[in-house]
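**Student:** Dumping the structure here so I can ask a few things about it.
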Amino acid sequence: MTGTRLIEISPVTRVEGHGKVTIHLDADGNVDEARLHIVEFRGFERFIRGRLMWEVPVIVQRLCGICPVSHHLAAAKAMDQIAGVDVLPPTAEKMRRLMHYGQVMQSHVLHFFHLSAPDLLFGFGAPAERRNIFEVIRENPTLGLRAIQMRKFGQEIIEATAGKKIHGTGAIPGGINRNLPLETRDRFLAQVDEMLAWAQDALALARGYVEDHAELVKGFGNFASNHMSLVREGDGALDLYHGRLRALGPQGTPIFDMVDYCDYHKHLIEDVRSWSYMKFPFIRSLGAEDGWYRVGPMARMNTASFIDTPLADAAHQALRAFSGGLNHSTLANHWARMIEVVHCVEKIRELLHDPDLQGTDLVAKGERRFEGIGVIEAPRGNLIHHYKVDEHDQVTFCNLIVSTTHNNEGMNRAVKAVAVQHLSGQPKITEGMLNHVEVAIRAYDPCLSCATHALGQMPLQVELVGPGGEVIDRAAQCL
Amino acid sequence: MPLGARVLLIGYGNPARGDDGLGPALAEAIAELHLPGVTVEIDYQLTVDHAALIAAHDLVIFADAAMDLDAPFRLTRTGTTPTATLGSHQVTPEVALHLAGLLFGKVPPAFTIAIAGTAFGAIREGLGPEARCHLGQAVAAVLELLGNSADDRPQVRAKGL
C-alpha cells in the first residue's frame, strides 16, 4: 500500500453530543493528520430567532443537559443589558452566583467521578466493561457515595436558586425571581463543611494522579497554546460569574487583558472548516494559524492571578509550582477542575453566611436597549451569548460561542498528539487505542451537544483512512 | 402500606418526545394530588444519583413509557441486579436499587409501572390520545397500589385521566 491511510473513531463515548474522529495515515503507517468532526448540525442560533427575550434564558438551557445553568445565566446576563440593567441588586447577583457555584461544582464532580475516573483508576487500556462509574462504585464505594452526595448537594443548590434541578427559571432579565429562605440556607450550612472536606479529598486524588503519573501526563496531549478566560476586574482573580477577558500566550505573555466582554468580537473571530459543523475561533491579532487558544479549568488556572478563597488559592499555588509556568497538559485539567470544586464550595459557604441572600430587592429596571452580550465561565470554559432584540421584544440575532467551540482547535491537536503516540504504525484500531483518543477529548469536555445541539445520544466513531482516502478500519463503542 | 411510610415516585422520560413523557406525566398527575408521605421526582432519565433518594424511602415506584407493550400498562415488582448498563445515561430501576443497597445499605421494596406509548419519534410536547388513555389507567393503578382510589380524587376525574 502507498500513500496515506485513515482511522476513524466513531462514536466517542461518555461524551454528550455526537462526534467522529478520522485519523489519516501516511504510506509508512504514521499519523499524518487527525480531525475531530462534529457531524451534527447546530441550529440553535437560528431557531431562537423570533422568540421573546423573556423566554430566552429558559429556552437556551435545552442546549445542554450537563450545564444548562451556564446557558441560563449567560443568556440572563445578556438580557440584563437589553433590559437596561448594568448592576443587579445584591440579592440577585448573589443568588445567581450561588446558583453558578452549585452548577460548576456538580458538573465538575460529574465530569471527574462519573466520566473520567474510570479511565484514571483502571487505566486507559482497561476493558470497556470496566471503564464506567459502576465499576468505580464497586471498587471504591466510599468514593462513589461521595460523588453522588456531592452532585446532590450541587443540584439542590441549583433547585433552591433556580426552582428546578434541570431547566430552572430563577434568573430573569434584570435580576432573580426568588431569594433563599432561612430554613433552606440552614439545610445547606449543615452539609457544607463535609462537602468541603470531600472536595479537598477529591482534589488530593486528582493532584496525586498527575504527580504519580508525571511521565504519562507530560506525554499525553501536552502542547503549548494560548489560554483565555474571564478574570475579575481590577485584580485578575479567578471569577467564574463575571469579569473581563484575559488572554495569555504560551509563555504567559498577555495578548489582551481586562477587555470588556461586550467587545469580544473585536478580539475573536470564528473560522469555519468544511469538515465540521463546529467553528474554530481564534484571536484576531494573532491570525488563524497562531491565534487559537484553550479555555476551561486549566486555562483559568493559567490566566487567574490568584484565587480569592484560601484553600483553592493554596492549591492554585501548588499547581503553579508543579508546572513551573503555564500548564499546557491535557490530563492535568482534572487537577485544575478539582481546585475549582474546592473554590466553589468555599464560595458557597461564604455566600450562605451572607444575609443579602434573604433580601427582597430582586429585580432592577433600566432603559430598554436592543443588544446584549452575556459572558460567563461555564464548567468547560468561557461561554458567550450575544443577542439582538427588536422593539417587539423578539430576538432577531443570536450568536453563541460555547466552551467546546473555543476548545475546538485544542481538542483537534490533542487528538492528533495522542494518535501520533498511540496509533502510528498500527494496522488496526484496538479498544485501548480507541480509548486513548476518547480520554483526550473527555479531559476537555464530556459534552459536545451544546456546540452542535445534537439530539439524542453521543457516540464517537473513529475511522482509519488510507493514502487514497479509503477507509481501512472503523471502530465504534456504543456504551 | 404502613402508616407513615415514605413513598418515592420517580417518573422519567422526555416530555419533548411525545409519548416518552408518559413517566413524567404520571408523576405530575400524582403530585397534583398532594398525597401525604408521597414524594414525586421527575427526571429525564434514571442515573446513579437516584440511589441516595431511593435509599431514603420505604417504597419506590418507577414510572416510564414503554414501546411494544401488549397492554395499556404493566405494573411489576422490581428487584435488584448488579449488572450495570454501561454509561452514565442508562440506569435501569434494578441497577438503581442495587446501587442504593451497595452505597447506602438500604433497598426498599419497589415497583415499576410501564405505560404503553405509541408515538416516540417526533420532537413534540404532549401525549397522543391513546397514551392519554393509558395514562389514566396507570394513574388509577398507582393510586390503588398506594391505597387510594381514583374515584375519590376529583383532580384526576377533572383531567379526564
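Convention: chains lettered A, B, ... in C-alpha cells order; per-chain residue numbering from 1; ligands numbered from 1 as shown.
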Residues of chain A within 8 Å of chain B: nearest atom pair and distance (Å, one decimal) for each, counting only C-alpha atoms, sorted by chain and number, as JSON lines?

**Tutor:**
{"residue": "A:Thr13", "atom": "CA", "partner": "B:Gly87", "partner_atom": "CA", "distance": 8.0}
{"residue": "A:Arg14", "atom": "CA", "partner": "B:Gly87", "partner_atom": "CA", "distance": 6.4}
{"residue": "A:His114", "atom": "CA", "partner": "B:Ser88", "partner_atom": "CA", "distance": 6.9}
{"residue": "A:Leu115", "atom": "CA", "partner": "B:Ser88", "partner_atom": "CA", "distance": 7.5}
{"residue": "A:Glu129", "atom": "CA", "partner": "B:Leu86", "partner_atom": "CA", "distance": 7.0}
{"residue": "A:Asn132", "atom": "CA", "partner": "B:Gly87", "partner_atom": "CA", "distance": 6.1}
{"residue": "A:Ile133", "atom": "CA", "partner": "B:Ser88", "partner_atom": "CA", "distance": 7.0}
{"residue": "A:Phe134", "atom": "CA", "partner": "B:Ala84", "partner_atom": "CA", "distance": 6.4}
{"residue": "A:Ile137", "atom": "CA", "partner": "B:Leu103", "partner_atom": "CA", "distance": 8.0}
{"residue": "A:Pro141", "atom": "CA", "partner": "B:Leu103", "partner_atom": "CA", "distance": 6.0}
{"residue": "A:Thr142", "atom": "CA", "partner": "B:Leu103", "partner_atom": "CA", "distance": 7.6}
{"residue": "A:Gly144", "atom": "CA", "partner": "B:Leu103", "partner_atom": "CA", "distance": 7.4}
{"residue": "A:Leu145", "atom": "CA", "partner": "B:Leu103", "partner_atom": "CA", "distance": 5.8}
{"residue": "A:Ile148", "atom": "CA", "partner": "B:Asp49", "partner_atom": "CA", "distance": 5.2}
{"residue": "A:Gln149", "atom": "CA", "partner": "B:Ala52", "partner_atom": "CA", "distance": 7.5}
{"residue": "A:Arg151", "atom": "CA", "partner": "B:Asp49", "partner_atom": "CA", "distance": 7.5}
{"residue": "A:Lys152", "atom": "CA", "partner": "B:Asp49", "partner_atom": "CA", "distance": 7.2}
{"residue": "A:Leu479", "atom": "CA", "partner": "B:Leu86", "partner_atom": "CA", "distance": 5.3}

**Student:** How about saving the chosen residues, all heavy atoms kept, as a compact mmCIF listing (two decimals), in the first residue's frame?

**Tutor:**
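Contents of out.txt, as written:
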# COMPACT_ATOMS: atom_id res chain seq x y z
N THR A 13 -17.43 7.84 23.29
CA THR A 13 -18.34 7.51 24.39
C THR A 13 -18.07 8.35 25.62
O THR A 13 -17.03 8.97 25.75
CB THR A 13 -18.17 6.03 24.78
OG1 THR A 13 -16.81 5.82 25.10
CG2 THR A 13 -18.57 5.14 23.63
N ARG A 14 -19.01 8.32 26.54
CA ARG A 14 -19.01 9.15 27.74
C ARG A 14 -18.77 10.62 27.39
O ARG A 14 -18.09 11.35 28.10
CB ARG A 14 -18.03 8.65 28.79
CG ARG A 14 -18.63 7.58 29.69
CD ARG A 14 -17.62 7.04 30.68
NE ARG A 14 -16.71 6.14 30.04
CZ ARG A 14 -15.42 6.05 30.33
NH1 ARG A 14 -14.91 6.83 31.25
NH2 ARG A 14 -14.66 5.19 29.72
N HIS A 114 -17.84 10.54 37.49
CA HIS A 114 -18.70 9.68 36.70
C HIS A 114 -18.09 9.34 35.34
O HIS A 114 -18.28 8.25 34.83
CB HIS A 114 -20.06 10.34 36.46
CG HIS A 114 -20.89 10.51 37.70
ND1 HIS A 114 -20.46 11.20 38.80
CD2 HIS A 114 -22.14 10.09 38.00
CE1 HIS A 114 -21.40 11.19 39.73
NE2 HIS A 114 -22.44 10.52 39.26
N LEU A 115 -17.41 10.34 34.73
CA LEU A 115 -16.99 10.15 33.35
C LEU A 115 -15.50 9.89 33.18
O LEU A 115 -15.10 9.11 32.32
CB LEU A 115 -17.41 11.38 32.52
CG LEU A 115 -18.92 11.67 32.57
CD1 LEU A 115 -19.25 13.01 31.93
CD2 LEU A 115 -19.71 10.57 31.90
N GLU A 129 -15.77 -2.89 29.58
CA GLU A 129 -16.76 -3.20 30.61
C GLU A 129 -16.33 -2.75 32.00
O GLU A 129 -17.13 -2.70 32.92
CB GLU A 129 -17.10 -4.70 30.61
CG GLU A 129 -15.94 -5.63 30.85
CD GLU A 129 -15.25 -6.04 29.54
OE1 GLU A 129 -15.40 -5.32 28.54
OE2 GLU A 129 -14.54 -7.06 29.55
N ASN A 132 -16.40 2.36 33.65
CA ASN A 132 -17.65 3.08 33.86
C ASN A 132 -17.83 3.34 35.35
O ASN A 132 -17.15 2.77 36.19
CB ASN A 132 -18.83 2.28 33.29
CG ASN A 132 -18.98 0.94 33.96
OD1 ASN A 132 -19.44 0.86 35.09
ND2 ASN A 132 -18.56 -0.13 33.28
N ILE A 133 -18.76 4.20 35.66
CA ILE A 133 -18.96 4.66 37.04
C ILE A 133 -19.36 3.50 37.96
O ILE A 133 -19.03 3.48 39.15
CB ILE A 133 -20.02 5.80 37.09
CG1 ILE A 133 -20.26 6.31 38.53
CG2 ILE A 133 -21.33 5.37 36.48
CD1 ILE A 133 -19.09 6.95 39.18
N PHE A 134 -20.03 2.50 37.40
CA PHE A 134 -20.47 1.38 38.25
C PHE A 134 -19.27 0.60 38.79
O PHE A 134 -19.27 0.15 39.93
CB PHE A 134 -21.41 0.46 37.47
CG PHE A 134 -22.59 1.19 36.92
CD1 PHE A 134 -22.64 1.55 35.59
CD2 PHE A 134 -23.64 1.57 37.74
CE1 PHE A 134 -23.71 2.26 35.08
CE2 PHE A 134 -24.71 2.27 37.25
CZ PHE A 134 -24.75 2.62 35.91
N ILE A 137 -17.76 2.53 41.57
CA ILE A 137 -18.54 2.34 42.80
C ILE A 137 -18.23 0.98 43.42
O ILE A 137 -18.07 0.85 44.63
CB ILE A 137 -20.05 2.49 42.50
CG1 ILE A 137 -20.36 3.96 42.18
CG2 ILE A 137 -20.89 2.00 43.66
CD1 ILE A 137 -21.76 4.18 41.63
N PRO A 141 -16.63 1.99 47.06
CA PRO A 141 -17.96 2.50 47.38
C PRO A 141 -17.94 3.87 48.06
O PRO A 141 -18.84 4.69 47.85
CB PRO A 141 -18.54 1.43 48.31
CG PRO A 141 -17.76 0.20 48.01
CD PRO A 141 -16.40 0.65 47.61
N THR A 142 -16.91 4.13 48.88
CA THR A 142 -16.86 5.43 49.57
C THR A 142 -16.74 6.56 48.56
O THR A 142 -17.41 7.60 48.67
CB THR A 142 -15.66 5.47 50.53
OG1 THR A 142 -15.81 4.39 51.45
CG2 THR A 142 -15.60 6.77 51.29
N GLY A 144 -17.68 6.43 45.45
CA GLY A 144 -18.95 6.50 44.74
C GLY A 144 -20.00 7.23 45.53
O GLY A 144 -20.74 8.06 45.00
N LEU A 145 -20.06 6.94 46.82
CA LEU A 145 -21.05 7.60 47.68
C LEU A 145 -20.81 9.10 47.74
O LEU A 145 -21.73 9.91 47.62
CB LEU A 145 -20.98 6.99 49.08
CG LEU A 145 -22.03 7.46 50.08
CD1 LEU A 145 -22.43 6.31 50.99
CD2 LEU A 145 -21.51 8.61 50.93
N ILE A 148 -21.90 10.85 44.53
CA ILE A 148 -23.34 11.02 44.45
C ILE A 148 -23.81 12.12 45.40
O ILE A 148 -24.62 12.98 45.03
CB ILE A 148 -24.04 9.68 44.76
CG1 ILE A 148 -23.84 8.72 43.58
CG2 ILE A 148 -25.52 9.88 45.04
CD1 ILE A 148 -24.34 7.32 43.83
N GLN A 149 -23.27 12.13 46.61
CA GLN A 149 -23.71 13.14 47.59
C GLN A 149 -23.26 14.55 47.21
O GLN A 149 -23.98 15.52 47.45
CB GLN A 149 -23.18 12.78 48.99
CG GLN A 149 -23.72 11.47 49.56
CD GLN A 149 -25.19 11.54 49.96
OE1 GLN A 149 -26.02 12.02 49.21
NE2 GLN A 149 -25.51 11.05 51.15
N ARG A 151 -22.76 15.62 44.10
CA ARG A 151 -23.64 16.02 42.99
C ARG A 151 -24.99 16.47 43.53
O ARG A 151 -25.56 17.46 43.09
CB ARG A 151 -23.85 14.82 42.07
CG ARG A 151 -22.78 14.66 41.04
CD ARG A 151 -23.21 15.16 39.69
NE ARG A 151 -24.28 14.36 39.12
CZ ARG A 151 -25.06 14.78 38.14
NH1 ARG A 151 -24.89 15.98 37.63
NH2 ARG A 151 -26.00 14.00 37.65
N LYS A 152 -25.49 15.71 44.50
CA LYS A 152 -26.81 16.01 45.07
C LYS A 152 -26.80 17.39 45.73
O LYS A 152 -27.73 18.18 45.56
CB LYS A 152 -27.13 14.91 46.10
CG LYS A 152 -28.50 14.98 46.73
CD LYS A 152 -28.79 13.65 47.43
CE LYS A 152 -30.10 13.69 48.21
NZ LYS A 152 -29.96 14.32 49.52
N LEU A 479 -21.51 2.62 24.30
CA LEU A 479 -21.62 2.31 25.72
C LEU A 479 -22.87 2.95 26.29
O LEU A 479 -23.16 4.06 26.02
CB LEU A 479 -20.41 2.83 26.47
CG LEU A 479 -19.07 2.25 26.05
CD1 LEU A 479 -18.00 2.70 27.00
CD2 LEU A 479 -19.12 0.74 26.01

**Student:** Could you give me, as a list in words, the residues within 8 Å of Leu230 of chain A, counting only C-alpha atoms and dropping anything in the same chain fewer than 6 positions from it?

**Tutor:**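 Listing them by chain and then by number gives Leu238, Asp239, Leu240, His242, Gly243, Arg244, Leu245, Arg246, Arg300, Ile376, Glu377 and Asn382 of chain A.
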
**Student:** Could you name the residues that touch segment 127-140 of chain B at 9 Å or less, counting only C-alpha atoms, but leaving out those on the same chain fewer than 5 positions away, as a count of residues only?

**Tutor:** 33

**Student:** Excluding Glu156 of chain A and residues on its chain fewer than 3 positions from it, collect all residues at most 10 Å away from it, counting only C-alpha atoms, and give them as a list in words.

**Tutor:**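 Surrounding residues, per the criterion: Met99, Gly102, Gln103, Gln106, Met150, Arg151, Lys152, Phe153, Glu159, Ala160, Thr161, Ala162, Gly163, Lys164, Lys165, Thr184 and Phe188 of chain A.
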
**Student:** Take the residues just selected and output them with all heavy atoms as a compact mmCIF listing (two decimals), in the first residue's frame.

**Tutor:**
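What follows is the written file out14.txt:
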# COMPACT_ATOMS: atom_id res chain seq x y z
N MET A 99 -26.15 29.96 42.53
CA MET A 99 -26.62 29.00 41.53
C MET A 99 -25.44 28.51 40.67
O MET A 99 -25.29 27.31 40.42
CB MET A 99 -27.64 29.70 40.62
CG MET A 99 -28.36 28.80 39.64
SD MET A 99 -29.28 29.73 38.36
CE MET A 99 -30.33 30.81 39.29
N GLY A 102 -23.00 26.24 42.57
CA GLY A 102 -23.61 24.91 42.71
C GLY A 102 -23.52 24.13 41.41
O GLY A 102 -23.24 22.93 41.39
N GLN A 103 -23.74 24.84 40.30
CA GLN A 103 -23.70 24.20 38.98
C GLN A 103 -22.28 23.73 38.63
O GLN A 103 -22.08 22.60 38.19
CB GLN A 103 -24.21 25.20 37.94
CG GLN A 103 -23.64 25.06 36.54
CD GLN A 103 -24.21 23.86 35.80
OE1 GLN A 103 -25.02 23.12 36.33
NE2 GLN A 103 -23.76 23.67 34.59
N GLN A 106 -21.30 20.68 40.81
CA GLN A 106 -21.90 19.38 40.48
C GLN A 106 -21.47 18.91 39.09
O GLN A 106 -21.29 17.72 38.86
CB GLN A 106 -23.43 19.43 40.62
CG GLN A 106 -24.19 20.28 39.62
CD GLN A 106 -24.54 19.52 38.36
OE1 GLN A 106 -24.60 18.30 38.36
NE2 GLN A 106 -24.74 20.24 37.26
N MET A 150 -22.07 14.65 46.62
CA MET A 150 -21.61 15.98 46.21
C MET A 150 -22.45 16.50 45.04
O MET A 150 -22.80 17.67 44.99
CB MET A 150 -20.13 15.94 45.83
CG MET A 150 -19.21 15.74 47.04
SD MET A 150 -17.48 15.53 46.58
CE MET A 150 -17.00 17.22 46.27
N ARG A 151 -22.76 15.62 44.10
CA ARG A 151 -23.64 16.02 42.99
C ARG A 151 -24.99 16.47 43.53
O ARG A 151 -25.56 17.46 43.09
CB ARG A 151 -23.85 14.82 42.07
CG ARG A 151 -22.78 14.66 41.04
CD ARG A 151 -23.21 15.16 39.69
NE ARG A 151 -24.28 14.36 39.12
CZ ARG A 151 -25.06 14.78 38.14
NH1 ARG A 151 -24.89 15.98 37.63
NH2 ARG A 151 -26.00 14.00 37.65
N LYS A 152 -25.49 15.71 44.50
CA LYS A 152 -26.81 16.01 45.07
C LYS A 152 -26.80 17.39 45.73
O LYS A 152 -27.73 18.18 45.56
CB LYS A 152 -27.13 14.91 46.10
CG LYS A 152 -28.50 14.98 46.73
CD LYS A 152 -28.79 13.65 47.43
CE LYS A 152 -30.10 13.69 48.21
NZ LYS A 152 -29.96 14.32 49.52
N PHE A 153 -25.71 17.68 46.46
CA PHE A 153 -25.59 18.98 47.13
C PHE A 153 -25.63 20.11 46.08
O PHE A 153 -26.38 21.09 46.23
CB PHE A 153 -24.28 19.02 47.92
CG PHE A 153 -24.06 20.30 48.69
CD1 PHE A 153 -24.72 20.54 49.88
CD2 PHE A 153 -23.17 21.26 48.22
CE1 PHE A 153 -24.50 21.71 50.60
CE2 PHE A 153 -22.95 22.44 48.92
CZ PHE A 153 -23.62 22.66 50.11
N GLU A 159 -31.55 23.81 42.54
CA GLU A 159 -33.00 23.76 42.72
C GLU A 159 -33.48 24.91 43.61
O GLU A 159 -34.51 25.54 43.34
CB GLU A 159 -33.39 22.41 43.34
CG GLU A 159 -34.89 22.17 43.41
CD GLU A 159 -35.21 20.76 43.89
OE1 GLU A 159 -34.40 20.18 44.68
OE2 GLU A 159 -36.23 20.21 43.48
N ALA A 160 -32.71 25.22 44.65
CA ALA A 160 -33.12 26.27 45.59
C ALA A 160 -33.02 27.66 44.96
O ALA A 160 -33.75 28.58 45.34
CB ALA A 160 -32.25 26.20 46.85
N THR A 161 -32.13 27.83 44.01
CA THR A 161 -31.92 29.14 43.41
C THR A 161 -32.64 29.31 42.07
O THR A 161 -33.03 30.42 41.70
CB THR A 161 -30.41 29.41 43.19
OG1 THR A 161 -29.84 28.28 42.52
CG2 THR A 161 -29.70 29.61 44.52
N ALA A 162 -32.78 28.19 41.35
CA ALA A 162 -33.37 28.27 40.01
C ALA A 162 -34.78 27.70 39.95
O ALA A 162 -35.48 27.86 38.96
CB ALA A 162 -32.50 27.52 39.00
N GLY A 163 -35.20 27.02 41.00
CA GLY A 163 -36.55 26.46 41.03
C GLY A 163 -36.61 24.99 40.67
O GLY A 163 -37.49 24.28 41.12
N LYS A 164 -35.68 24.53 39.83
CA LYS A 164 -35.63 23.13 39.44
C LYS A 164 -34.17 22.72 39.29
O LYS A 164 -33.31 23.56 39.00
CB LYS A 164 -36.33 22.91 38.09
CG LYS A 164 -37.84 23.06 38.13
CD LYS A 164 -38.41 23.24 36.74
CE LYS A 164 -38.36 21.97 35.92
NZ LYS A 164 -38.95 22.17 34.58
N LYS A 165 -33.91 21.41 39.43
CA LYS A 165 -32.53 20.94 39.26
C LYS A 165 -32.08 21.08 37.81
O LYS A 165 -30.93 21.33 37.52
CB LYS A 165 -32.43 19.47 39.70
CG LYS A 165 -32.40 19.29 41.20
CD LYS A 165 -32.17 17.82 41.52
CE LYS A 165 -33.29 17.32 42.37
NZ LYS A 165 -33.23 15.89 42.65
N THR A 184 -33.85 26.86 54.22
CA THR A 184 -33.06 26.25 53.13
C THR A 184 -31.59 26.53 53.36
O THR A 184 -30.73 25.65 53.21
CB THR A 184 -33.50 26.82 51.77
OG1 THR A 184 -34.92 26.72 51.67
CG2 THR A 184 -32.85 26.06 50.63
N PHE A 188 -28.36 23.76 53.96
CA PHE A 188 -27.08 23.72 53.23
C PHE A 188 -25.90 23.94 54.19
O PHE A 188 -24.85 23.30 54.04
CB PHE A 188 -27.05 24.77 52.12
CG PHE A 188 -27.98 24.49 50.98
CD1 PHE A 188 -28.78 25.48 50.45
CD2 PHE A 188 -28.06 23.21 50.43
CE1 PHE A 188 -29.65 25.22 49.40
CE2 PHE A 188 -28.92 22.93 49.39
CZ PHE A 188 -29.72 23.95 48.87

**Student:** Would you give me, as a list in words, the residues in segment 24-180 of chain A that DSSP reads as strand (DSSP E)?

**Tutor:**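 Filtering segment 24-180 of chain A down to strand (DSSP E) leaves His24, Leu25, Val31, Asp32, Glu33, Ala34, Arg35, Leu36, His37, Ala171, Ile172, Gly175 and Ile176 of chain A.
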
**Student:** Could you tell me how far atom CA of Gly168 of chain A sits from atom CA of Ala147 of chain A, in Å to one decimal place?

**Tutor:**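 So the two atoms, atom CA of Ala147 of chain A and atom CA of Gly168 of chain A, lie 22.7 Å apart.
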
**Student:** Give the helix (DSSP H, G or I) residues of segment 271-423 of chain A, as DSSP finds them on the backbone, and put them as a PyMOL selection string.

**Tutor:** chain A and resi 287-290+297-303+310-323+333-352+355-358+403-406+408-423

**Student:** Enter the distance from atom CA of Glu33 of chain A to atom CA of Thr404 of chain A, in Å, rounded to one decimal.

**Tutor:**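 About the pair atom CA of Glu33 of chain A and atom CA of Thr404 of chain A: they are 20.4 Å apart.
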
**Student:** Determine, counting only C-alpha atoms, which protein, DNA and RNA residues have an atom within 10 Å of an atom of Thr430 of chain A; residues of the same chain fewer than 4 positions away are not included. Present the result as a PyMOL selection string.

**Tutor:** chain A and resi 125+423+426+434-435+475

**Student:** Taking only residues of segment 75-149 of chain A that have an atom at most 10 Å from an atom of segment 195-213 of chain A, what is each one's shortest atom pair and its distance in Å to one decimal, using only C-alpha atoms, in chain and number order, as a tab-separated table?

**Tutor:**
residue	atom	partner	partner_atom	distance
A:Met105	CA	A:Ala199	CA	9.2
A:Val109	CA	A:Ala202	CA	8.9
A:Phe112	CA	A:Ala206	CA	8.7
A:Phe113	CA	A:Ala202	CA	9.0
A:Ala117	CA	A:Ala206	CA	9.3
A:Leu120	CA	A:Tyr209	CA	7.6
A:Leu121	CA	A:Tyr209	CA	9.0
A:Leu143	CA	A:Ala202	CA	8.8
A:Arg146	CA	A:Trp198	CA	7.1
A:Ala147	CA	A:Trp198	CA	9.0
A:Gln149	CA	A:Met195	CA	8.5
